[in-house]
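Colleague: Take a look at this one; I'll ask things after.
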Amino acid sequence: MSLNMNNVMGVIILTERKDKLKELTLNRALAAVPFGARYRIIDFALSNLVNAGVRNVGVFVQEKYRSLMDHLGIGKEWDLNRQRDGLFILPPEKYADGSTSWLLNGDILLLRRHLDYLLRSKQEYVILMTNPIIWNVNFTTVLKDHLDKQADITIVYHLTDHQNCLGTFTEINTDRQEKITAVKVNPLINQSSKLSLDTFIIGRKKLMEIMDSSISTGGSDFVRDIIIPNLDKLLIYGYQFEGYARKINSLECYYKTSMELLNPKISKELFYANGPIYTKVKNEPPAIYTKTAEVKNSLIANGCIIKGRIENSILFRGVKVGQNAVVKNSIVMQKTELDYGVSLENVIIDKDCFISAEKKLMGAASYPLVISKKTQL
Amino acid sequence: MNKKECIAMLLAGGQGTRLGVLTKKLAKPAVPFGGKYRIIDFTLSNCVNSGIDTVGVLTQFQPLQLHSYIGIGGPWDLDRERGGVMVLPPFVRSDGGQWYKGTANAVYQNLGYLETYQPEYVLVLSGDHVYKMDYGKMLEFHKNNNASATIAVIEVPIEEASRFGIMNTDSDKKIIDFEEKPKQPKNNLASMGVYIFNYDVLKKYLEEDANDPGSSNDFGKNIIPKMLISGERMFAYPFDGYWKDVGTLESLWEANMDLLGPKHKFDLYDRNWRVYSVNPNQPPHYIASSSKVENSLVNEGCLIYGECFNSVLFPGVYIGKGAKVYDAVIMLGAKILEGAFVRKAIIGTNAVISENCLIGQKDILLQETPLTVVGDDEVVAPGLSVFGIHERGGLKNVFKYE
């Protein structure tokens, strides 16, 4: 079988039901949470697909998706505004029988509600993601591995110690040939350091077929009701991703992962390894540093006006930092304004906030203080 | 019917010979400016912000970068179903066709483009100035005066007036006299190269001019004087904002410096008059612990380990540890490697200043230091000194500025 990425579609299912990142996900989906000074979490998943040549991407959303839709638009920034295929945003619907798909708890239930999208697509393979991961992966290599092994399903995983950002997780075991021998969801006792990156490759027809037989017998979850019961019946292989990958599923994890970007080795891999990460561009002028600016070990986006001191921090687009203000180990999101003498340490401030002069805010290094969007302090 | 009240013709074919090494491979309007922009962005943004959505861009010299930059006009919101931006290079006709012989000839050769829109007014612009101007107000002025042509003017220092087209007006701003680059200027009202014409009048004079073998087919030299002699109603529209002709290396450097400091002369941060440009998709810039950045503009994709003062950095610039950059404009992707020293310089796109180089002079006053320019893609070998006043062997593209 030839390796033609035109023959692959991407499906991203965003099913999270809980407010995983507290205030940051109060009014937006996890995938739309700002990350890395100018991106949103979903940019990594989308850019990886596009960089591999995938031209048909469906994003299944469940709730709080206004901000995500605003971000994605017609997919222009990812070059997904195509005549044929391109970007499809598939929100929940209300049906004639009164049922609504946003009450559906389970990724494959959501997928089946828009079965037409899968039916109408022409591609033979699906890269399925049930969680937007922060990484820069070459999907062409993953697909090649899938084809070489003639696998029915490939699960992408990475080796990690369990300290790294745990929330919900899927542990897998493989044999020497990388064939998957066991899959466990959230086990209390950790036995394997192989954790799923919630990214799968599967044939499109196969997916529809097993999805149908699973749902008709009460199934709702891809891993629990499709992978696990079929471990013996289908050829399910693992693919070990050796680069940097993080699953964002808690506030602590978001903060920790963000701060890891201040390591140029990590940010270089993440932003350049297999192609650039695209995002919705804003027409901002370059950042301006005044004579009083003092910036150390920080990532700064365009449009910032910096008059104060910034250390180990991440500033999103259009942030203003007043004179004598001190920002340490903090994340300041779009267009937030810090007035004269404001002091921040271990703080995450969401978009469009205003912190008035001389205010001091402090969180703990392991547990940052979060200020929600549009707060005036 | 595609009728538009006013459409713009943007002259972007200039070579900009006085920009030396910076315009070897690109036209002057495509020269990078302000850490992000190209010079043409200011005129294009002015059009959009003034409500003009149909712009013909006349290109001729080294158009590749300019054409690919403008594309279908998306960044300026000029990718329109009706109107929008249209790149108009010279073309071949059944009678052979020819290059644009002058600014007026360029517009004349594209009368076909103008005809499709049947405009009442034509705004003629030049793509090599940095300024923010509401052409809508100028059009209103033009209409109120019932003029055939209106020329935007700005007061320049009288000692510089002989570089410009100088207008003499009566108390109603009616132009009574026009001199192109006069030796003894009578006043200091200089033409900004921004004209509004009634289309029918413009068409008539362009056609006449095309049939005049002695003409150099230029707006300033031929069309405007001819119209004045013929007694057309022509007015000078006074503009008092920031306007800079960045036609020389020195003025390009100055205009970049005008963006800096608490009393910066030109403001890029005005949300009511945005300057649009193609946005490079680069990660946020990183300022390391070892670095110091003061009074500077820094764009995305930069990696700063050294020190940077009073400078403008374009996307993807690298400043290595121990390197010091003062009063410089560092263009796209240029690298200032470890221990290098740069002062009062323009470093071209993707140029590399190797370890421990000295660009410009270290110890004399800024005003007395001549500007040093390193051309695009030039690599200055480790340890070399390059001063504006000395020419170094083996560095063919290092420009000597006088």
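Residue numbering restarts at 1 in every chain; chains get A, B, ... in the order shown in the structure tokens, and ligands count up from 1 in that same order.
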If you run DSSP on this backbone, which residues of segment 93-228 of chain A come out as strand (DSSP E), and could you give them as a PyMOL selection string?
Modeller: chain A and resi 125-129+133-135+153-159+170-174+180-185+194-203
Colleague: Please dump the current selection as a compact mmCIF listing (two decimals), in the first residue's frame; keep C-alpha atoms.
Modeller:
```
# COMPACT_ATOMS: atom_id res chain seq x y z
CA TYR A 125 -7.35 5.87 7.00
CA VAL A 126 -8.27 7.94 10.00
CA ILE A 127 -5.89 9.55 12.47
CA LEU A 128 -8.14 9.70 15.48
CA MET A 129 -7.34 11.91 18.44
CA ILE A 133 -1.65 16.66 22.82
CA ILE A 134 1.16 19.22 22.96
CA TRP A 135 3.75 17.79 20.59
CA ILE A 153 -5.35 -0.16 14.92
CA THR A 154 -2.18 1.64 15.99
CA ILE A 155 -2.02 3.38 19.35
CA VAL A 156 0.61 6.10 19.73
CA TYR A 157 2.17 6.07 23.19
CA HIS A 158 5.18 7.47 24.99
CA LEU A 159 7.34 6.38 27.87
CA THR A 170 -4.43 4.99 29.66
CA GLU A 171 -1.66 2.57 30.43
CA ILE A 172 -0.63 0.02 27.84
CA ASN A 173 1.57 -3.06 27.68
CA THR A 174 3.19 -4.30 24.51
CA ILE A 180 -0.54 -4.51 22.52
CA THR A 181 -1.14 -7.06 25.23
CA ALA A 182 -3.03 -5.06 27.81
CA VAL A 183 -4.76 -1.70 28.13
CA LYS A 184 -5.87 -0.20 31.42
CA VAL A 185 -7.71 3.04 32.00
CA LYS A 194 3.85 3.26 28.47
CA LEU A 195 1.06 5.80 28.40
CA SER A 196 -1.28 6.30 25.49
CA LEU A 197 -1.16 9.65 23.74
CA ASP A 198 -4.83 9.20 22.85
CA THR A 199 -3.91 9.15 19.19
CA PHE A 200 -4.85 6.24 16.95
CA ILE A 201 -4.65 5.15 13.35
CA ILE A 202 -7.44 2.99 12.01
CA GLY A 203 -9.07 2.25 8.67
```
Colleague: Taking 2 positions as the minimum chain separation for residues in the same chain, which residues sit within 10 Å of segment 110-113 of chain B when counting only C-alpha atoms? Answer as a ChimeraX atom specification.
Modeller: /B:9,56,58,86,88-91,105-108,115-118,203,206-207
Colleague: Grab the residues selected above and save them as a short mmCIF file (atom, residue, chain, number, x, y, z; two decimals), in the first residue's frame with all heavy atoms.
Modeller:
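Contents of out-v8.cif, freshly written:
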```cif
data_model
loop_
_atom_site.label_atom_id
_atom_site.label_comp_id
_atom_site.auth_asym_id
_atom_site.auth_seq_id
_atom_site.Cartn_x
_atom_site.Cartn_y
_atom_site.Cartn_z
N MET B 9 -4.26 53.82 -7.55
CA MET B 9 -3.20 53.26 -8.38
C MET B 9 -1.90 53.49 -7.62
O MET B 9 -1.49 54.62 -7.37
CB MET B 9 -3.15 53.96 -9.74
CG MET B 9 -4.37 53.71 -10.60
SD MET B 9 -4.61 51.96 -11.01
CE MET B 9 -3.82 51.88 -12.59
N GLY B 56 -4.86 49.12 -7.63
CA GLY B 56 -3.98 48.54 -8.64
C GLY B 56 -2.54 48.83 -8.25
O GLY B 56 -2.20 49.98 -7.96
N LEU B 58 1.19 48.92 -9.42
CA LEU B 58 1.98 48.92 -10.63
C LEU B 58 3.41 48.53 -10.32
O LEU B 58 4.11 49.24 -9.60
CB LEU B 58 1.93 50.32 -11.27
CG LEU B 58 0.49 50.74 -11.59
CD1 LEU B 58 0.28 52.21 -11.38
CD2 LEU B 58 0.11 50.29 -12.97
N MET B 86 -4.92 44.34 -7.15
CA MET B 86 -4.56 43.71 -8.43
C MET B 86 -3.14 44.16 -8.76
O MET B 86 -2.86 45.36 -8.80
CB MET B 86 -5.53 44.17 -9.51
CG MET B 86 -5.14 43.78 -10.91
SD MET B 86 -5.79 42.21 -11.42
CE MET B 86 -7.34 42.71 -12.15
N LEU B 88 -0.27 44.88 -11.24
CA LEU B 88 -0.28 45.26 -12.65
C LEU B 88 1.14 45.46 -13.18
O LEU B 88 1.64 46.58 -13.19
CB LEU B 88 -1.10 46.55 -12.84
CG LEU B 88 -2.56 46.51 -12.36
CD1 LEU B 88 -3.14 47.92 -12.30
CD2 LEU B 88 -3.41 45.65 -13.27
N PRO B 89 1.80 44.40 -13.60
CA PRO B 89 3.12 44.55 -14.20
C PRO B 89 2.97 44.95 -15.67
O PRO B 89 1.88 44.83 -16.23
CB PRO B 89 3.72 43.16 -14.07
CG PRO B 89 2.57 42.23 -13.96
CD PRO B 89 1.37 42.99 -13.52
N PRO B 90 4.04 45.40 -16.32
CA PRO B 90 3.94 45.72 -17.74
C PRO B 90 3.58 44.47 -18.53
O PRO B 90 3.85 43.35 -18.09
CB PRO B 90 5.35 46.18 -18.11
CG PRO B 90 6.08 46.33 -16.85
CD PRO B 90 5.39 45.55 -15.80
N PHE B 91 2.97 44.65 -19.68
CA PHE B 91 2.51 43.48 -20.42
C PHE B 91 2.69 43.69 -21.91
O PHE B 91 2.94 44.80 -22.38
CB PHE B 91 1.05 43.17 -20.09
CG PHE B 91 0.14 44.36 -20.27
CD1 PHE B 91 -0.54 44.55 -21.46
CD2 PHE B 91 -0.03 45.29 -19.24
CE1 PHE B 91 -1.37 45.65 -21.62
CE2 PHE B 91 -0.86 46.39 -19.40
CZ PHE B 91 -1.53 46.57 -20.60
N ASN B 105 3.10 57.10 -17.48
CA ASN B 105 2.96 56.07 -18.50
C ASN B 105 2.46 54.75 -17.90
O ASN B 105 1.68 54.02 -18.53
CB ASN B 105 4.30 55.86 -19.21
CG ASN B 105 4.21 54.82 -20.30
OD1 ASN B 105 4.64 53.68 -20.12
ND2 ASN B 105 3.61 55.17 -21.43
N ALA B 106 2.89 54.46 -16.71
CA ALA B 106 2.44 53.22 -16.05
C ALA B 106 0.93 53.25 -15.86
O ALA B 106 0.25 52.25 -16.14
CB ALA B 106 3.15 53.06 -14.70
N VAL B 107 0.40 54.38 -15.41
CA VAL B 107 -1.05 54.47 -15.23
C VAL B 107 -1.74 54.48 -16.60
O VAL B 107 -2.75 53.81 -16.80
CB VAL B 107 -1.42 55.73 -14.41
CG1 VAL B 107 -2.94 55.86 -14.28
CG2 VAL B 107 -0.78 55.67 -13.03
N TYR B 108 -1.13 55.18 -17.56
CA TYR B 108 -1.71 55.24 -18.91
C TYR B 108 -1.86 53.84 -19.49
O TYR B 108 -2.91 53.49 -20.05
CB TYR B 108 -0.82 56.10 -19.81
CG TYR B 108 -1.20 55.99 -21.27
CD1 TYR B 108 -2.35 56.64 -21.75
CD2 TYR B 108 -0.44 55.24 -22.16
CE1 TYR B 108 -2.73 56.52 -23.08
CE2 TYR B 108 -0.81 55.11 -23.49
CZ TYR B 108 -1.95 55.76 -23.95
OH TYR B 108 -2.32 55.63 -25.26
N GLU B 115 -10.84 51.52 -16.57
CA GLU B 115 -12.12 51.52 -17.29
C GLU B 115 -13.11 50.51 -16.70
O GLU B 115 -14.31 50.78 -16.65
CB GLU B 115 -11.90 51.18 -18.76
CG GLU B 115 -11.39 52.34 -19.62
CD GLU B 115 -12.39 53.48 -19.74
OE1 GLU B 115 -13.51 53.22 -20.18
OE2 GLU B 115 -12.04 54.62 -19.37
N THR B 116 -12.59 49.35 -16.25
CA THR B 116 -13.51 48.32 -15.76
C THR B 116 -14.27 48.79 -14.53
O THR B 116 -15.31 48.24 -14.20
CB THR B 116 -12.78 47.00 -15.39
OG1 THR B 116 -11.74 47.32 -14.48
CG2 THR B 116 -12.22 46.32 -16.60
N TYR B 117 -13.73 49.79 -13.83
CA TYR B 117 -14.41 50.25 -12.62
C TYR B 117 -15.13 51.57 -12.81
O TYR B 117 -15.83 52.04 -11.91
CB TYR B 117 -13.41 50.36 -11.46
CG TYR B 117 -12.87 49.02 -11.05
CD1 TYR B 117 -11.60 48.61 -11.42
CD2 TYR B 117 -13.66 48.15 -10.32
CE1 TYR B 117 -11.11 47.37 -11.06
CE2 TYR B 117 -13.19 46.90 -9.96
CZ TYR B 117 -11.92 46.51 -10.33
OH TYR B 117 -11.46 45.27 -9.96
N GLN B 118 -14.94 52.22 -13.95
CA GLN B 118 -15.60 53.50 -14.22
C GLN B 118 -15.55 54.44 -13.01
O GLN B 118 -16.58 54.91 -12.54
CB GLN B 118 -17.07 53.25 -14.60
CG GLN B 118 -17.24 52.50 -15.90
CD GLN B 118 -16.86 53.35 -17.10
OE1 GLN B 118 -17.19 54.53 -17.17
NE2 GLN B 118 -16.12 52.77 -18.03
N LYS B 203 -7.60 60.99 -17.51
CA LYS B 203 -7.57 60.21 -18.75
C LYS B 203 -7.15 61.09 -19.92
O LYS B 203 -6.28 60.73 -20.72
CB LYS B 203 -8.96 59.62 -18.98
CG LYS B 203 -9.00 58.55 -20.03
CD LYS B 203 -10.39 57.94 -20.08
CE LYS B 203 -10.60 57.21 -21.40
NZ LYS B 203 -11.98 56.79 -21.57
N LEU B 206 -3.45 61.99 -19.61
CA LEU B 206 -2.58 60.83 -19.83
C LEU B 206 -2.50 60.50 -21.32
O LEU B 206 -1.44 60.18 -21.84
CB LEU B 206 -3.10 59.61 -19.06
CG LEU B 206 -2.87 59.60 -17.54
CD1 LEU B 206 -3.48 58.34 -16.93
CD2 LEU B 206 -1.39 59.68 -17.20
N GLU B 207 -3.63 60.60 -22.00
CA GLU B 207 -3.65 60.31 -23.43
C GLU B 207 -2.83 61.33 -24.21
O GLU B 207 -2.06 60.98 -25.11
CB GLU B 207 -5.08 60.21 -23.94
CG GLU B 207 -5.70 58.85 -23.59
CD GLU B 207 -7.21 58.77 -23.79
OE1 GLU B 207 -7.84 59.84 -24.00
OE2 GLU B 207 -7.74 57.64 -23.73
#
```
Colleague: Excluding same-chain residues fewer than 5 positions from Leu315 of chain A, what lies within 7 Å of it counting only C-alpha atoms, as a compact mmCIF listing (two decimals) with C-alpha atoms, in the first residue's frame?
Modeller:
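To be explicit, this is the file written out as part_33.txt:
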```txt
# COMPACT_ATOMS: atom_id res chain seq x y z
CA ALA A 37 2.36 32.86 24.24
CA LEU A 299 8.77 34.01 25.97
CA ILE A 300 7.12 37.13 24.64
CA ALA A 301 4.56 37.45 21.85
CA ILE A 331 1.66 33.35 32.47
CA VAL A 332 -0.11 36.48 31.29
CA MET A 333 -2.66 36.04 28.51
```
Colleague: Please, which residues of segment 141-384 of chain B, numbered as in this document, come out helix (DSSP H, G or I) from DSSP, as number ranges by chain?
Modeller: B: 141-144, 158-163, 199-210, 219-229, 249-257, 366-368
Colleague: Residues at most 8 Å from Gly14 of chain B, counting only C-alpha atoms, excluding those fewer than 3 positions away in the same chain, as JSON, numbers by chain?
Modeller: {"B": [11, 27, 28, 29, 59, 60, 61]}
Colleague: What are the nearest atom pairs, with distances in Å to one decimal, for all residues of chain A that come at most 7 Å from chain B, using only C-alpha atoms, set out by chain and rising residue number as a Markdown table?
Modeller:
```
| residue | atom | partner | partner_atom | distance |
| --- | --- | --- | --- | --- |
| A:Ala37 | CA | B:Pro284 | CA | 6.2 |
| A:Arg38 | CA | B:Pro284 | CA | 6.8 |
| A:Phe271 | CA | B:Pro283 | CA | 6.5 |
| A:Tyr278 | CA | B:Asn281 | CA | 6.6 |
| A:Val281 | CA | B:Asn279 | CA | 6.7 |
| A:Asn283 | CA | B:Tyr276 | CA | 6.2 |
| A:Pro285 | CA | B:Leu268 | CA | 6.4 |
| A:Pro286 | CA | B:Asn299 | CA | 4.5 |
| A:Ala287 | CA | B:Val298 | CA | 5.2 |
| A:Ile288 | CA | B:Leu297 | CA | 4.5 |
| A:Tyr289 | CA | B:Asn295 | CA | 4.9 |
| A:Thr290 | CA | B:Asn295 | CA | 4.1 |
| A:Lys291 | CA | B:Asn295 | CA | 4.7 |
| A:Thr292 | CA | B:Glu294 | CA | 7.0 |
| A:Ala293 | CA | B:Glu294 | CA | 5.9 |
| A:Glu294 | CA | B:Lys292 | CA | 6.7 |
| A:Val295 | CA | B:Ile287 | CA | 6.7 |
| A:Lys296 | CA | B:Ser289 | CA | 4.3 |
| A:Asn297 | CA | B:Ala288 | CA | 4.2 |
| A:Ser298 | CA | B:Ile287 | CA | 5.4 |
| A:Leu299 | CA | B:Tyr286 | CA | 4.6 |
| A:Ile300 | CA | B:Pro284 | CA | 5.4 |
| A:Ala301 | CA | B:Pro284 | CA | 4.6 |
| A:Asn302 | CA | B:Asn299 | CA | 6.1 |
```
Colleague: Figure out the distance between atom CA of Val342 of chain B and atom CA of Asn356 of chain B, please, to one decimal in Å.
Modeller: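 Value for the atom CA of Asn356 of chain B-atom CA of Val342 of chain B distance: 9.9 Å.
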Colleague: Can you pull out the residues contacting segment 106-118 of chain A? Cut-off 6 Å, using only C-alpha atoms, and skip same-chain residues under 2 positions away; I want them as a list in words.
Modeller: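 Skipping anything fewer than 2 positions along the chain leaves Arg120, Ser121, Ser220, Asp221 and Phe222 of chain A.
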Colleague: Please provide as a PyMOL selection string all residues within 7 Å of segment 3-15 of chain A, with the sequence filter that same-chain residues fewer than 2 positions apart are discarded (counting only C-alpha atoms).
Modeller: chain A and resi 1+17+49+52-62+107+123-131+144
Colleague: Could you write out that same residue set with N, CA and C atoms as a PDB file, in the first residue's frame?
Modeller:
```pdb
ATOM      1  N   MET A   1       0.851  -1.199   0.000  1.00  0.00           N
ATOM      2  CA  MET A   1       0.000   0.000   0.000  1.00  0.00           C
ATOM      3  C   MET A   1       0.889   1.253   0.000  1.00  0.00           C
ATOM      4  N   ARG A  17     -15.720  16.559  29.767  1.00  0.00           N
ATOM      5  CA  ARG A  17     -16.982  16.913  30.432  1.00  0.00           C
ATOM      6  C   ARG A  17     -16.729  17.737  31.688  1.00  0.00           C
ATOM      7  N   LEU A  49      -1.209  17.380  11.786  1.00  0.00           N
ATOM      8  CA  LEU A  49      -1.959  16.744  10.700  1.00  0.00           C
ATOM      9  C   LEU A  49      -1.632  17.408   9.372  1.00  0.00           C
ATOM     10  N   ALA A  52       1.745  16.861   7.883  1.00  0.00           N
ATOM     11  CA  ALA A  52       1.922  15.530   7.288  1.00  0.00           C
ATOM     12  C   ALA A  52       1.191  15.427   5.960  1.00  0.00           C
ATOM     13  N   GLY A  53       0.445  16.446   5.596  1.00  0.00           N
ATOM     14  CA  GLY A  53      -0.246  16.430   4.312  1.00  0.00           C
ATOM     15  C   GLY A  53      -1.719  16.060   4.395  1.00  0.00           C
ATOM     16  N   VAL A  54      -2.259  15.927   5.610  1.00  0.00           N
ATOM     17  CA  VAL A  54      -3.676  15.615   5.761  1.00  0.00           C
ATOM     18  C   VAL A  54      -4.507  16.840   5.362  1.00  0.00           C
ATOM     19  N   ARG A  55      -5.526  16.638   4.546  1.00  0.00           N
ATOM     20  CA  ARG A  55      -6.308  17.764   4.034  1.00  0.00           C
ATOM     21  C   ARG A  55      -7.783  17.691   4.411  1.00  0.00           C
ATOM     22  N   ASN A  56      -8.117  16.705   5.217  1.00  0.00           N
ATOM     23  CA  ASN A  56      -9.507  16.563   5.640  1.00  0.00           C
ATOM     24  C   ASN A  56      -9.511  16.341   7.145  1.00  0.00           C
ATOM     25  N   VAL A  57      -9.970  17.336   7.891  1.00  0.00           N
ATOM     26  CA  VAL A  57      -9.933  17.230   9.350  1.00  0.00           C
ATOM     27  C   VAL A  57     -11.307  17.562   9.923  1.00  0.00           C
ATOM     28  N   GLY A  58     -11.836  16.645  10.718  1.00  0.00           N
ATOM     29  CA  GLY A  58     -13.092  16.903  11.407  1.00  0.00           C
ATOM     30  C   GLY A  58     -12.822  17.146  12.884  1.00  0.00           C
ATOM     31  N   VAL A  59     -13.368  18.240  13.411  1.00  0.00           N
ATOM     32  CA  VAL A  59     -13.215  18.519  14.839  1.00  0.00           C
ATOM     33  C   VAL A  59     -14.587  18.359  15.482  1.00  0.00           C
ATOM     34  N   PHE A  60     -14.727  17.326  16.307  1.00  0.00           N
ATOM     35  CA  PHE A  60     -15.998  17.051  16.981  1.00  0.00           C
ATOM     36  C   PHE A  60     -15.993  17.773  18.320  1.00  0.00           C
ATOM     37  N   VAL A  61     -16.901  18.720  18.465  1.00  0.00           N
ATOM     38  CA  VAL A  61     -16.922  19.499  19.696  1.00  0.00           C
ATOM     39  C   VAL A  61     -18.182  19.171  20.475  1.00  0.00           C
ATOM     40  N   GLN A  62     -18.127  19.370  21.777  1.00  0.00           N
ATOM     41  CA  GLN A  62     -19.280  18.990  22.566  1.00  0.00           C
ATOM     42  C   GLN A  62     -19.921  20.165  23.295  1.00  0.00           C
ATOM     43  N   ASP A 107     -16.860   9.189  23.346  1.00  0.00           N
ATOM     44  CA  ASP A 107     -16.366   9.728  22.082  1.00  0.00           C
ATOM     45  C   ASP A 107     -16.977   9.069  20.855  1.00  0.00           C
ATOM     46  N   GLN A 123     -11.205   9.157   2.299  1.00  0.00           N
ATOM     47  CA  GLN A 123      -9.915   8.636   2.721  1.00  0.00           C
ATOM     48  C   GLN A 123     -10.039   7.245   3.320  1.00  0.00           C
ATOM     49  N   GLU A 124      -8.961   6.485   3.158  1.00  0.00           N
ATOM     50  CA  GLU A 124      -8.984   5.109   3.631  1.00  0.00           C
ATOM     51  C   GLU A 124      -8.650   4.997   5.126  1.00  0.00           C
ATOM     52  N   TYR A 125      -7.813   5.942   5.613  1.00  0.00           N
ATOM     53  CA  TYR A 125      -7.354   5.868   7.004  1.00  0.00           C
ATOM     54  C   TYR A 125      -7.774   7.084   7.806  1.00  0.00           C
ATOM     55  N   VAL A 126      -7.903   6.850   9.096  1.00  0.00           N
ATOM     56  CA  VAL A 126      -8.269   7.936   9.998  1.00  0.00           C
ATOM     57  C   VAL A 126      -7.195   8.060  11.072  1.00  0.00           C
ATOM     58  N   ILE A 127      -6.688   9.276  11.274  1.00  0.00           N
ATOM     59  CA  ILE A 127      -5.894   9.549  12.470  1.00  0.00           C
ATOM     60  C   ILE A 127      -6.879  10.114  13.476  1.00  0.00           C
ATOM     61  N   LEU A 128      -7.105   9.348  14.511  1.00  0.00           N
ATOM     62  CA  LEU A 128      -8.140   9.701  15.485  1.00  0.00           C
ATOM     63  C   LEU A 128      -7.478  10.212  16.763  1.00  0.00           C
ATOM     64  N   MET A 129      -7.902  11.381  17.191  1.00  0.00           N
ATOM     65  CA  MET A 129      -7.338  11.909  18.443  1.00  0.00           C
ATOM     66  C   MET A 129      -8.474  12.198  19.401  1.00  0.00           C
ATOM     67  N   THR A 130      -8.381  11.648  20.609  1.00  0.00           N
ATOM     68  CA  THR A 130      -9.449  11.895  21.561  1.00  0.00           C
ATOM     69  C   THR A 130      -9.009  12.897  22.619  1.00  0.00           C
ATOM     70  N   ASN A 131      -7.835  13.485  22.402  1.00  0.00           N
ATOM     71  CA  ASN A 131      -7.313  14.467  23.342  1.00  0.00           C
ATOM     72  C   ASN A 131      -6.280  15.298  22.583  1.00  0.00           C
ATOM     73  N   LYS A 144       3.301   5.013   8.258  1.00  0.00           N
ATOM     74  CA  LYS A 144       4.148   4.020   7.609  1.00  0.00           C
ATOM     75  C   LYS A 144       4.259   2.785   8.498  1.00  0.00           C
TER      76      LYS A 144
END
```
Colleague: Do a neighbour search on Cys357 of chain B at 8 Å with only C-alpha atoms, toss out local chain neighbours closer than 2 positions, and write the hits as a PDB file with N, CA and C atoms, in the first residue's frame.
Modeller:
```pdb
ATOM      1  N   GLY B 339      29.648  37.311  20.866  1.00  0.00           N
ATOM      2  CA  GLY B 339      30.749  38.262  21.029  1.00  0.00           C
ATOM      3  C   GLY B 339      30.829  39.347  19.967  1.00  0.00           C
ATOM      4  N   ALA B 340      29.939  39.359  19.016  1.00  0.00           N
ATOM      5  CA  ALA B 340      29.994  40.400  17.976  1.00  0.00           C
ATOM      6  C   ALA B 340      29.488  41.726  18.542  1.00  0.00           C
ATOM      7  N   PHE B 341      29.904  42.808  17.913  1.00  0.00           N
ATOM      8  CA  PHE B 341      29.485  44.140  18.345  1.00  0.00           C
ATOM      9  C   PHE B 341      28.928  44.877  17.137  1.00  0.00           C
ATOM     10  N   ILE B 353      26.611  37.860  11.043  1.00  0.00           N
ATOM     11  CA  ILE B 353      27.746  38.584  11.585  1.00  0.00           C
ATOM     12  C   ILE B 353      28.432  37.596  12.525  1.00  0.00           C
ATOM     13  N   SER B 354      29.574  37.113  12.111  1.00  0.00           N
ATOM     14  CA  SER B 354      30.191  36.002  12.853  1.00  0.00           C
ATOM     15  C   SER B 354      30.771  36.450  14.189  1.00  0.00           C
ATOM     16  N   GLU B 355      31.299  35.479  14.905  1.00  0.00           N
ATOM     17  CA  GLU B 355      31.817  35.704  16.250  1.00  0.00           C
ATOM     18  C   GLU B 355      32.825  36.850  16.265  1.00  0.00           C
ATOM     19  N   ILE B 359      30.940  45.659  13.836  1.00  0.00           N
ATOM     20  CA  ILE B 359      30.209  46.319  12.753  1.00  0.00           C
ATOM     21  C   ILE B 359      29.919  47.743  13.211  1.00  0.00           C
ATOM     22  N   VAL B 380      29.760  37.906   7.290  1.00  0.00           N
ATOM     23  CA  VAL B 380      30.975  38.609   7.689  1.00  0.00           C
ATOM     24  C   VAL B 380      31.793  37.643   8.543  1.00  0.00           C
ATOM     25  N   ALA B 381      32.999  37.341   8.080  1.00  0.00           N
ATOM     26  CA  ALA B 381      33.810  36.302   8.715  1.00  0.00           C
ATOM     27  C   ALA B 381      34.209  36.686  10.144  1.00  0.00           C
ATOM     28  N   PRO B 382      34.488  35.690  10.984  1.00  0.00           N
ATOM     29  CA  PRO B 382      34.776  35.949  12.397  1.00  0.00           C
ATOM     30  C   PRO B 382      35.893  36.979  12.589  1.00  0.00           C
ATOM     31  N   GLY B 383      35.679  37.855  13.539  1.00  0.00           N
ATOM     32  CA  GLY B 383      36.729  38.778  13.930  1.00  0.00           C
ATOM     33  C   GLY B 383      36.908  39.979  13.025  1.00  0.00           C
ATOM     34  N   LEU B 384      36.221  40.038  11.906  1.00  0.00           N
ATOM     35  CA  LEU B 384      36.397  41.178  10.984  1.00  0.00           C
ATOM     36  C   LEU B 384      35.778  42.449  11.542  1.00  0.00           C
ATOM     37  N   SER B 385      36.373  43.576  11.185  1.00  0.00           N
ATOM     38  CA  SER B 385      35.756  44.862  11.513  1.00  0.00           C
ATOM     39  C   SER B 385      35.226  45.481  10.233  1.00  0.00           C
ATOM     40  N   VAL B 386      34.021  45.954  10.283  1.00  0.00           N
ATOM     41  CA  VAL B 386      33.441  46.627   9.127  1.00  0.00           C
ATOM     42  C   VAL B 386      32.950  47.987   9.570  1.00  0.00           C
TER      43      VAL B 386
END
```
Colleague: Please compute the atom CA of Gly363 of chain A-atom CA of Asn346 of chain A distance, one decimal, in Å.
Modeller: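 Rounded to one decimal, the two atoms are 4.8 Å apart.
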